[in-house]
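See below for work-v8.cif, which holds mmCIF, C-alpha atoms and all ligand atoms; chains and numbers go by the auth columns.
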data_input
#
loop_
_atom_site.group_PDB
_atom_site.id
_atom_site.type_symbol
_atom_site.label_atom_id
_atom_site.label_comp_id
_atom_site.label_asym_id
_atom_site.label_seq_id
_atom_site.Cartn_x
_atom_site.Cartn_y
_atom_site.Cartn_z
_atom_site.B_iso_or_equiv
_atom_site.auth_seq_id
_atom_site.auth_asym_id
ATOM 1 C CA MET A 1 8.893 -8.394 28.445 0.00 18 R
ATOM 2 C CA GLN A 2 6.671 -9.965 31.073 0.00 19 R
ATOM 3 C CA ARG A 3 3.972 -10.514 28.470 0.00 20 R
ATOM 4 C CA TYR A 4 6.422 -12.282 26.211 0.00 21 R
ATOM 5 C CA ALA A 5 7.470 -14.562 29.053 0.00 22 R
ATOM 6 C CA ASP A 6 3.834 -15.363 29.878 0.00 23 R
ATOM 7 C CA GLU A 7 3.069 -16.233 26.259 0.00 24 R
ATOM 8 C CA GLN A 8 6.187 -18.331 26.082 0.00 25 R
ATOM 9 C CA LYS A 9 5.105 -20.224 29.209 0.00 26 R
ATOM 10 C CA ARG A 10 1.594 -20.759 27.840 0.00 27 R
ATOM 11 C CA GLY A 11 3.082 -22.061 24.617 0.00 28 R
ATOM 12 C CA VAL A 12 5.212 -24.573 26.452 0.00 29 R
ATOM 13 C CA ILE A 13 2.263 -25.737 28.543 0.00 30 R
ATOM 14 C CA ARG A 14 0.067 -26.021 25.435 0.00 31 R
ATOM 15 C CA ALA A 15 2.672 -28.155 23.695 0.00 32 R
ATOM 16 C CA ALA A 16 2.921 -30.453 26.711 0.00 33 R
ATOM 17 C CA ILE A 17 -0.870 -30.882 26.822 0.00 34 R
ATOM 18 C CA ASP A 18 -1.001 -31.647 23.092 0.00 35 R
ATOM 19 C CA LYS A 19 1.718 -34.228 23.480 0.00 36 R
ATOM 20 C CA VAL A 20 -0.230 -36.047 26.197 0.00 37 R
ATOM 21 C CA ALA A 21 -3.473 -35.774 24.204 0.00 38 R
ATOM 22 C CA ASP A 22 -1.724 -37.292 21.180 0.00 39 R
ATOM 23 C CA ARG A 23 -0.775 -40.272 23.209 0.00 40 R
ATOM 24 C CA TRP A 24 -4.419 -40.953 24.068 0.00 41 R
ATOM 25 C CA THR A 25 -5.949 -40.220 20.684 0.00 42 R
ATOM 26 C CA ALA A 26 -3.303 -41.780 18.447 0.00 43 R
ATOM 27 C CA LYS A 27 -4.446 -44.899 16.645 0.00 44 R
ATOM 28 C CA PRO A 28 -3.186 -48.026 18.292 0.00 45 R
ATOM 29 C CA ARG A 29 -0.373 -49.501 16.297 0.00 46 R
ATOM 30 C CA ALA A 30 -0.264 -53.154 15.417 0.00 47 R
ATOM 31 C CA PRO A 31 2.197 -54.967 17.660 0.00 48 R
ATOM 32 C CA LEU A 32 5.566 -55.648 16.098 0.00 49 R
ATOM 33 C CA LYS A 33 5.684 -59.110 14.682 0.00 50 R
ATOM 34 C CA ARG A 34 8.642 -61.347 15.200 0.00 51 R
ATOM 35 C CA THR A 35 9.750 -63.374 12.277 0.00 52 R
ATOM 36 C CA LYS A 36 9.714 -66.967 13.364 0.00 53 R
ATOM 37 C CA LEU A 37 12.284 -68.994 11.542 0.00 54 R
ATOM 38 C CA LYS A 38 10.936 -72.361 10.568 0.00 55 R
ATOM 39 C CA SER A 39 13.100 -75.256 11.673 0.00 56 R
ATOM 40 C CA SER A 40 14.138 -77.763 9.072 0.00 57 R
ATOM 41 C CA PRO A 41 12.764 -81.311 9.440 0.00 58 R
ATOM 42 C CA LYS A 42 16.268 -82.380 10.436 0.00 59 R
ATOM 43 C CA THR A 43 16.424 -79.763 13.229 0.00 60 R
ATOM 44 C CA LYS A 44 12.910 -80.704 14.355 0.00 61 R
ATOM 45 C CA ALA A 45 13.888 -84.370 14.578 0.00 62 R
ATOM 46 C CA LYS A 46 17.013 -83.424 16.525 0.00 63 R
ATOM 47 C CA LYS A 47 14.994 -81.315 18.970 0.00 64 R
ATOM 48 C CA ARG A 48 12.477 -84.115 19.439 0.00 65 R
ATOM 49 C CA GLU A 49 15.307 -86.537 20.132 0.00 66 R
ATOM 50 C CA GLN A 50 16.891 -84.160 22.630 0.00 67 R
ATOM 51 C CA SER A 51 13.659 -83.546 24.507 0.00 68 R
ATOM 52 C CA LYS A 52 13.144 -87.323 24.790 0.00 69 R
ATOM 53 C CA THR A 53 16.643 -87.658 26.254 0.00 70 R
ATOM 54 C CA VAL A 54 16.057 -84.767 28.680 0.00 71 R
ATOM 55 C CA THR A 55 12.806 -86.311 29.926 0.00 72 R
ATOM 56 C CA ALA A 56 14.394 -89.730 30.379 0.00 73 R
ATOM 57 C CA VAL A 57 17.415 -88.303 32.218 0.00 74 R
ATOM 58 C CA ARG A 58 15.203 -86.112 34.413 0.00 75 R
ATOM 59 C CA ASP A 59 13.250 -89.186 35.502 0.00 76 R
ATOM 60 C CA LEU A 60 16.508 -90.966 36.373 0.00 77 R
ATOM 61 C CA VAL A 61 17.966 -87.957 38.190 0.00 78 R
ATOM 62 C CA PHE A 62 14.770 -87.347 40.180 0.00 79 R
ATOM 63 C CA ALA A 63 14.843 -90.982 41.266 0.00 80 R
ATOM 64 C CA LEU A 64 18.496 -90.701 42.340 0.00 81 R
ATOM 65 C CA ASP A 65 18.102 -87.327 44.037 0.00 82 R
ATOM 66 C CA ARG A 66 15.045 -87.639 46.243 0.00 83 R
ATOM 67 C CA ALA A 67 15.006 -83.870 46.759 0.00 84 R
ATOM 68 C CA CYS A 68 17.006 -80.737 46.018 0.00 85 R
ATOM 69 C CA ILE A 69 20.730 -81.436 46.449 0.00 86 R
ATOM 70 C CA CYS A 70 21.085 -78.559 48.953 0.00 87 R
ATOM 71 C CA GLY A 71 19.762 -80.855 51.669 0.00 88 R
ATOM 72 C CA ARG A 72 17.338 -78.239 52.979 0.00 89 R
ATOM 73 C CA CYS A 73 14.496 -78.062 50.460 0.00 90 R
ATOM 74 C CA ALA A 74 11.617 -80.505 50.645 0.00 91 R
ATOM 75 C CA PRO A 75 10.876 -82.494 47.498 0.00 92 R
ATOM 76 C CA SER A 76 8.464 -80.670 45.221 0.00 93 R
ATOM 77 C CA LEU A 77 6.714 -81.219 41.916 0.00 94 R
ATOM 78 C CA ARG A 78 8.255 -77.926 40.880 0.00 95 R
ATOM 79 C CA ASP A 79 11.824 -79.210 41.274 0.00 96 R
ATOM 80 C CA GLN A 80 14.020 -78.725 38.255 0.00 97 R
ATOM 81 C CA MET A 81 16.998 -80.363 36.629 0.00 98 R
ATOM 82 C CA HIS A 82 20.277 -78.475 36.620 0.00 99 R
ATOM 83 C CA GLU A 83 23.180 -79.365 34.348 0.00 100 R
ATOM 84 C CA LEU A 84 26.537 -79.005 36.107 0.00 101 R
ATOM 85 C CA VAL A 85 28.207 -78.215 32.796 0.00 102 R
ATOM 86 C CA SER A 86 25.672 -75.904 31.186 0.00 103 R
ATOM 87 C CA ARG A 87 23.787 -76.577 27.976 0.00 104 R
ATOM 88 C CA ALA A 88 25.460 -73.547 26.462 0.00 105 R
ATOM 89 C CA LYS A 89 28.874 -75.088 27.024 0.00 106 R
ATOM 90 C CA THR A 90 27.934 -78.491 25.623 0.00 107 R
ATOM 91 C CA ARG A 91 26.083 -77.243 22.551 0.00 108 R
ATOM 92 C CA GLY A 92 26.756 -79.426 19.544 0.00 109 R
ATOM 93 C CA ARG A 93 27.716 -82.480 21.558 0.00 110 R
ATOM 94 C CA PRO A 94 25.441 -85.529 21.389 0.00 111 R
ATOM 95 C CA PRO A 95 22.470 -85.324 23.833 0.00 112 R
ATOM 96 C CA LYS A 96 23.744 -88.403 25.708 0.00 113 R
ATOM 97 C CA ASP A 97 26.894 -86.477 26.667 0.00 114 R
ATOM 98 C CA ARG A 98 25.012 -83.343 27.632 0.00 115 R
ATOM 99 C CA PHE A 99 22.240 -84.942 29.620 0.00 116 R
ATOM 100 C CA SER A 100 23.466 -87.710 31.871 0.00 117 R
ATOM 101 C CA THR A 101 23.066 -88.616 35.524 0.00 118 R
ATOM 102 C CA ALA A 102 26.694 -87.498 35.956 0.00 119 R
ATOM 103 C CA ASN A 103 26.012 -84.010 34.641 0.00 120 R
ATOM 104 C CA CYS A 104 22.512 -83.455 35.992 0.00 121 R
ATOM 105 C CA VAL A 105 21.115 -82.917 39.475 0.00 122 R
ATOM 106 C CA ARG A 106 17.758 -82.162 41.069 0.00 123 R
ATOM 107 C CA VAL A 107 17.278 -78.683 42.492 0.00 124 R
ATOM 108 C CA SER A 108 14.397 -76.616 43.802 0.00 125 R
ATOM 109 C CA PRO A 109 13.484 -73.533 41.747 0.00 126 R
ATOM 110 C CA ALA A 110 14.964 -71.276 44.482 0.00 127 R
ATOM 111 C CA CYS A 111 18.266 -73.177 44.656 0.00 128 R
ATOM 112 C CA HIS A 112 18.404 -73.378 40.860 0.00 129 R
ATOM 113 C CA GLN A 113 18.184 -69.599 40.779 0.00 130 R
ATOM 114 C CA ASP A 114 20.926 -69.326 43.419 0.00 131 R
ATOM 115 C CA ILE A 115 23.133 -71.526 41.259 0.00 132 R
ATOM 116 C CA THR A 116 22.458 -69.826 37.939 0.00 133 R
ATOM 117 C CA GLU A 117 22.873 -66.386 39.530 0.00 134 R
ATOM 118 C CA ARG A 118 26.097 -67.528 41.173 0.00 135 R
ATOM 119 C CA ARG A 119 25.004 -67.151 44.783 0.00 136 R
ATOM 120 C CA CYS A 120 25.824 -70.824 45.104 0.00 137 R
ATOM 121 C CA THR A 121 28.511 -72.844 43.382 0.00 138 R
ATOM 122 C CA VAL A 122 28.479 -76.589 42.910 0.00 139 R
ATOM 123 C CA ALA A 123 31.809 -78.389 42.718 0.00 140 R
ATOM 124 C CA TRP A 124 32.390 -82.061 42.016 0.00 141 R
ATOM 125 C CA GLY A 125 35.247 -84.180 43.248 0.00 142 R
ATOM 126 C CA ASP A 126 36.025 -86.339 40.244 0.00 143 R
ATOM 127 C CA THR A 127 34.896 -87.459 36.799 0.00 144 R
ATOM 128 C CA ARG A 128 31.820 -89.139 38.303 0.00 145 R
ATOM 129 C CA MET A 129 30.566 -85.593 38.850 0.00 146 R
ATOM 130 C CA ALA A 130 26.996 -85.804 40.255 0.00 147 R
ATOM 131 C CA ASN A 131 27.406 -89.535 40.761 0.00 148 R
ATOM 132 C CA GLY A 132 30.285 -88.806 43.135 0.00 149 R
ATOM 133 C CA THR A 133 30.395 -86.149 45.841 0.00 150 R
ATOM 134 C CA LEU A 134 29.210 -82.610 45.283 0.00 151 R
ATOM 135 C CA THR A 135 30.155 -79.619 47.414 0.00 152 R
ATOM 136 C CA LEU A 136 27.764 -76.685 47.457 0.00 153 R
ATOM 137 C CA THR A 137 29.137 -73.339 48.606 0.00 154 R
ATOM 138 C CA TRP A 138 26.839 -70.364 49.143 0.00 155 R
ATOM 139 C CA ALA A 139 27.872 -66.727 48.977 0.00 156 R
ATOM 140 C CA ASP A 140 27.160 -66.382 52.723 0.00 157 R
ATOM 141 C CA GLY A 141 29.798 -69.035 53.449 0.00 158 R
ATOM 142 C CA ARG A 142 27.480 -71.965 54.064 0.00 159 R
ATOM 143 C CA VAL A 143 28.838 -75.215 52.693 0.00 160 R
ATOM 144 C CA SER A 144 27.025 -78.503 52.234 0.00 161 R
ATOM 145 C CA VAL A 145 28.216 -81.805 50.873 0.00 162 R
ATOM 146 C CA TYR A 146 25.906 -83.975 48.841 0.00 163 R
ATOM 147 C CA SER A 147 26.251 -87.569 47.824 0.00 164 R
ATOM 148 C CA ARG A 148 23.639 -89.688 46.095 0.00 165 R
ATOM 149 C CA ALA A 149 22.400 -92.516 48.223 0.00 166 R
ATOM 150 C CA THR A 150 23.388 -95.800 46.635 0.00 167 R
HETATM 151 ZN ZN ZN B . 17.510 -76.494 47.733 0.00 201 P
#
Let me see the file written as structure tokens.
Amino acid sequence: MQRYADEQKRGVIRAAIDKVADRWTAKPRAPLKRTKLKSSPKTKAKKREQSKTVTAVRDLVFALDRACICGRCAPSLRDQMHELVSRAKTRGRPPKDRFSTANCVRVSPACHQDITERRCTVAWGDTRMANGTLTLTWADGRVSVYSRAT
């Protein structure tokens, strides 16, 4: 009985060793390829148009907001543009409606992450949105009010 158990144990150990050895000796597989769908010329033109609009609006927004709207972060070349009403929610609308100084603000990467991960919420007072007064509320209870200098 003991002998059977010993053989059984050896067998299990052998199998485990073979499994590990297989992993090292197996031929490397080619990485899985993703099929990249080719955009139509119309889609390409649309994307080009949108990226032009985004760049133009970012320049405007960065001129209006001299730094991150939280009021704490120093201006940085790494600052980003945040859309108050997200791109996902405005999909299909003309770029001019999606990317405007009213809908976009300047944020630092850290604050942008706080906003997108909902540790900070940004509320606007009226239809002027970012061109009016914004209230930022953090999860820890901190509140700051931001208004673009005119
Ligand atoms: Zn900030």
Using all atoms listed in the file, what does the table of chain R residues within 10 Å of ligand ZN 201 (chain P) look like, with each row giving the shortest atom pair and its distance in Å to one decimal, sorted by chain and ascending number, as JSON lines?
{"residue": "R:Ala84", "atom": "CA", "partner": "P:ZN201", "partner_atom": "ZN", "distance": 7.9}
{"residue": "R:Cys85", "atom": "CA", "partner": "P:ZN201", "partner_atom": "ZN", "distance": 4.6}
{"residue": "R:Ile86", "atom": "CA", "partner": "P:ZN201", "partner_atom": "ZN", "distance": 6.0}
{"residue": "R:Cys87", "atom": "CA", "partner": "P:ZN201", "partner_atom": "ZN", "distance": 4.3}
{"residue": "R:Gly88", "atom": "CA", "partner": "P:ZN201", "partner_atom": "ZN", "distance": 6.3}
{"residue": "R:Arg89", "atom": "CA", "partner": "P:ZN201", "partner_atom": "ZN", "distance": 5.5}
{"residue": "R:Cys90", "atom": "CA", "partner": "P:ZN201", "partner_atom": "ZN", "distance": 4.4}
{"residue": "R:Ala91", "atom": "CA", "partner": "P:ZN201", "partner_atom": "ZN", "distance": 7.7}
{"residue": "R:Pro92", "atom": "CA", "partner": "P:ZN201", "partner_atom": "ZN", "distance": 8.9}
{"residue": "R:Asp96", "atom": "CA", "partner": "P:ZN201", "partner_atom": "ZN", "distance": 9.0}
{"residue": "R:Arg123", "atom": "CA", "partner": "P:ZN201", "partner_atom": "ZN", "distance": 8.8}
{"residue": "R:Val124", "atom": "CA", "partner": "P:ZN201", "partner_atom": "ZN", "distance": 5.7}
{"residue": "R:Ser125", "atom": "CA", "partner": "P:ZN201", "partner_atom": "ZN", "distance": 5.0}
{"residue": "R:Pro126", "atom": "CA", "partner": "P:ZN201", "partner_atom": "ZN", "distance": 7.8}
{"residue": "R:Ala127", "atom": "CA", "partner": "P:ZN201", "partner_atom": "ZN", "distance": 6.7}
{"residue": "R:Cys128", "atom": "CA", "partner": "P:ZN201", "partner_atom": "ZN", "distance": 4.6}
{"residue": "R:His129", "atom": "CA", "partner": "P:ZN201", "partner_atom": "ZN", "distance": 7.6}
{"residue": "R:Gln130", "atom": "CA", "partner": "P:ZN201", "partner_atom": "ZN", "distance": 9.8}
{"residue": "R:Asp131", "atom": "CA", "partner": "P:ZN201", "partner_atom": "ZN", "distance": 9.0}
{"residue": "R:Ile132", "atom": "CA", "partner": "P:ZN201", "partner_atom": "ZN", "distance": 9.9}
R:Arg51, R:Arg95, R:Arg165, R:Arg65: which is nearest Gly149 (chain R), counting only C-alpha atoms? R:Arg165
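The nearest approach to Arg83 (chain R) among the residues R:Asn120, R:Pro111, R:Ile34, R:Ser164, with all atoms listed in the file taken into account, belongs to R:Ser164.
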Excluding same-chain residues fewer than 5 positions from Val160 (chain R), what lies within 12 Å of it counting all atoms listed in the file, as a list in words? Ile86, Cys87, Gly88, Arg89, Arg136, Cys137, Thr138, Val139, Ala140, Leu151, Thr152, Leu153, Thr154 and Trp155 of chain R
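CA of Thr150 (chain R) sits 27.4 Å away from CA of Gly109 (chain R).
Counting only C-alpha atoms and comparing R:Gln67, R:Glu134, R:Ala32, R:Asp39, the residue that lies closest to Arg104 (chain R) is R:Gln67.
The gap separating CA of Ala156 (chain R) from CA of Met98 (chain R) is 21.4 Å, in Å to one decimal.
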Centre, x/y/z edge lengths, axis-aligned box for region 77-90 of chain R with 4 Å per side, as JSON:
{"center_x": 17.8, "center_y": -84.5, "center_z": 44.7, "size_x": 14.6, "size_y": 20.9, "size_z": 24.6}
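Remark: for Asp76 (chain R), the closest of the candidate residues R:Asp35, R:Met146, R:Val122, R:Lys55 is R:Val122 (distances computed over all atoms listed in the file).
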Find the distance between CA of Cys121 (chain R) and CA of Gly142 (chain R) and write it in Å to one decimal. 14.7 Å
Which is closer to Arg115 (chain R) than all the others in R:Ser68, R:Leu49, R:Leu94, R:Ser57, using all atoms listed in the file? R:Ser68
At a cut-off of 10 Å, using only C-alpha atoms, what residues contact Ala119 (chain R)? Leave out same-chain residues fewer than 5 positions from it and give the result as JSON, numbers by chain. {"R": [78, 100, 101, 102, 114, 141, 144, 145, 146, 147, 148, 149]}
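Proximity of R:His99, R:Lys36, R:Lys50, R:Lys59 to Phe79 (chain R), computed with only C-alpha atoms, is greatest for R:His99.
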Name all residues at most 10 Å from Lys113 (chain R) (count all atoms listed in the file; drop same-chain ones fewer than 2 positions away) and give them as a PyMOL selection string. chain R and resi 67+70-71+74+110-111+115-118
Could you add whatever atoms are missing so that region 142-163 of chain R carries N, CA, C and O atoms, then write the result as a PDB file, in the frame of the given file?
ATOM      1  N   GLY R 142      33.932 -83.698  42.846  1.00  0.00           N
ATOM      2  CA  GLY R 142      35.247 -84.180  43.248  1.00  0.00           C
ATOM      3  C   GLY R 142      36.029 -84.880  42.155  1.00  0.00           C
ATOM      4  O   GLY R 142      37.263 -84.791  42.114  1.00  0.00           O
ATOM      5  N   ASP R 143      35.315 -85.584  41.277  1.00  0.00           N
ATOM      6  CA  ASP R 143      36.025 -86.339  40.244  1.00  0.00           C
ATOM      7  C   ASP R 143      35.144 -86.501  39.006  1.00  0.00           C
ATOM      8  O   ASP R 143      34.076 -85.888  38.936  1.00  0.00           O
ATOM      9  N   THR R 144      35.596 -87.316  38.084  1.00  0.00           N
ATOM     10  CA  THR R 144      34.896 -87.459  36.799  1.00  0.00           C
ATOM     11  C   THR R 144      33.498 -88.057  36.937  1.00  0.00           C
ATOM     12  O   THR R 144      32.708 -87.983  36.000  1.00  0.00           O
ATOM     13  N   ARG R 145      33.183 -88.620  38.104  1.00  0.00           N
ATOM     14  CA  ARG R 145      31.820 -89.139  38.303  1.00  0.00           C
ATOM     15  C   ARG R 145      30.838 -87.985  38.458  1.00  0.00           C
ATOM     16  O   ARG R 145      29.625 -88.183  38.426  1.00  0.00           O
ATOM     17  N   MET R 146      31.358 -86.813  38.667  1.00  0.00           N
ATOM     18  CA  MET R 146      30.566 -85.593  38.850  1.00  0.00           C
ATOM     19  C   MET R 146      29.420 -85.818  39.827  1.00  0.00           C
ATOM     20  O   MET R 146      29.661 -86.133  40.980  1.00  0.00           O
ATOM     21  N   ALA R 147      28.145 -85.683  39.350  1.00  0.00           N
ATOM     22  CA  ALA R 147      26.996 -85.804  40.255  1.00  0.00           C
ATOM     23  C   ALA R 147      26.853 -87.206  40.845  1.00  0.00           C
ATOM     24  O   ALA R 147      26.177 -87.394  41.854  1.00  0.00           O
ATOM     25  N   ASN R 148      27.473 -88.190  40.212  1.00  0.00           N
ATOM     26  CA  ASN R 148      27.406 -89.535  40.761  1.00  0.00           C
ATOM     27  C   ASN R 148      28.453 -89.752  41.856  1.00  0.00           C
ATOM     28  O   ASN R 148      28.485 -90.794  42.499  1.00  0.00           O
ATOM     29  N   GLY R 149      29.307 -88.762  42.042  1.00  0.00           N
ATOM     30  CA  GLY R 149      30.285 -88.806  43.135  1.00  0.00           C
ATOM     31  C   GLY R 149      29.825 -87.875  44.242  1.00  0.00           C
ATOM     32  O   GLY R 149      28.649 -87.874  44.604  1.00  0.00           O
ATOM     33  N   THR R 150      30.745 -87.072  44.758  1.00  0.00           N
ATOM     34  CA  THR R 150      30.395 -86.149  45.841  1.00  0.00           C
ATOM     35  C   THR R 150      30.388 -84.709  45.327  1.00  0.00           C
ATOM     36  O   THR R 150      31.304 -84.293  44.626  1.00  0.00           O
ATOM     37  N   LEU R 151      29.333 -84.015  45.688  1.00  0.00           N
ATOM     38  CA  LEU R 151      29.210 -82.610  45.283  1.00  0.00           C
ATOM     39  C   LEU R 151      29.350 -81.715  46.507  1.00  0.00           C
ATOM     40  O   LEU R 151      28.867 -82.058  47.585  1.00  0.00           O
ATOM     41  N   THR R 152      30.035 -80.593  46.336  1.00  0.00           N
ATOM     42  CA  THR R 152      30.155 -79.619  47.414  1.00  0.00           C
ATOM     43  C   THR R 152      29.486 -78.333  46.966  1.00  0.00           C
ATOM     44  O   THR R 152      29.822 -77.769  45.933  1.00  0.00           O
ATOM     45  N   LEU R 153      28.486 -77.920  47.757  1.00  0.00           N
ATOM     46  CA  LEU R 153      27.764 -76.685  47.457  1.00  0.00           C
ATOM     47  C   LEU R 153      28.249 -75.584  48.389  1.00  0.00           C
ATOM     48  O   LEU R 153      28.266 -75.762  49.605  1.00  0.00           O
ATOM     49  N   THR R 154      28.659 -74.465  47.811  1.00  0.00           N
ATOM     50  CA  THR R 154      29.137 -73.339  48.606  1.00  0.00           C
ATOM     51  C   THR R 154      28.304 -72.109  48.285  1.00  0.00           C
ATOM     52  O   THR R 154      28.220 -71.697  47.127  1.00  0.00           O
ATOM     53  N   TRP R 155      27.660 -71.566  49.321  1.00  0.00           N
ATOM     54  CA  TRP R 155      26.839 -70.364  49.143  1.00  0.00           C
ATOM     55  C   TRP R 155      27.661 -69.107  49.388  1.00  0.00           C
ATOM     56  O   TRP R 155      28.680 -69.146  50.082  1.00  0.00           O
ATOM     57  N   ALA R 156      27.184 -68.022  48.850  1.00  0.00           N
ATOM     58  CA  ALA R 156      27.872 -66.727  48.977  1.00  0.00           C
ATOM     59  C   ALA R 156      28.033 -66.317  50.439  1.00  0.00           C
ATOM     60  O   ALA R 156      28.984 -65.643  50.801  1.00  0.00           O
ATOM     61  N   ASP R 157      27.076 -66.758  51.302  1.00  0.00           N
ATOM     62  CA  ASP R 157      27.160 -66.382  52.723  1.00  0.00           C
ATOM     63  C   ASP R 157      28.126 -67.277  53.508  1.00  0.00           C
ATOM     64  O   ASP R 157      28.237 -67.157  54.718  1.00  0.00           O
ATOM     65  N   GLY R 158      28.792 -68.198  52.802  1.00  0.00           N
ATOM     66  CA  GLY R 158      29.798 -69.035  53.449  1.00  0.00           C
ATOM     67  C   GLY R 158      29.322 -70.428  53.828  1.00  0.00           C
ATOM     68  O   GLY R 158      30.119 -71.286  54.195  1.00  0.00           O
ATOM     69  N   ARG R 159      28.012 -70.650  53.732  1.00  0.00           N
ATOM     70  CA  ARG R 159      27.480 -71.965  54.064  1.00  0.00           C
ATOM     71  C   ARG R 159      27.979 -72.997  53.051  1.00  0.00           C
ATOM     72  O   ARG R 159      28.041 -72.716  51.857  1.00  0.00           O
ATOM     73  N   VAL R 160      28.354 -74.152  53.561  1.00  0.00           N
ATOM     74  CA  VAL R 160      28.838 -75.215  52.693  1.00  0.00           C
ATOM     75  C   VAL R 160      28.051 -76.480  53.000  1.00  0.00           C
ATOM     76  O   VAL R 160      27.790 -76.783  54.157  1.00  0.00           O
ATOM     77  N   SER R 161      27.623 -77.206  51.973  1.00  0.00           N
ATOM     78  CA  SER R 161      27.025 -78.503  52.234  1.00  0.00           C
ATOM     79  C   SER R 161      27.554 -79.514  51.236  1.00  0.00           C
ATOM     80  O   SER R 161      27.923 -79.171  50.108  1.00  0.00           O
ATOM     81  N   VAL R 162      27.669 -80.736  51.707  1.00  0.00           N
ATOM     82  CA  VAL R 162      28.216 -81.805  50.873  1.00  0.00           C
ATOM     83  C   VAL R 162      27.071 -82.750  50.533  1.00  0.00           C
ATOM     84  O   VAL R 162      26.275 -83.108  51.403  1.00  0.00           O
ATOM     85  N   TYR R 163      26.987 -83.098  49.265  1.00  0.00           N
ATOM     86  CA  TYR R 163      25.906 -83.975  48.841  1.00  0.00           C
ATOM     87  C   TYR R 163      26.457 -85.205  48.142  1.00  0.00           C
ATOM     88  O   TYR R 163      27.385 -85.122  47.340  1.00  0.00           O
TER      89      TYR R 163
END
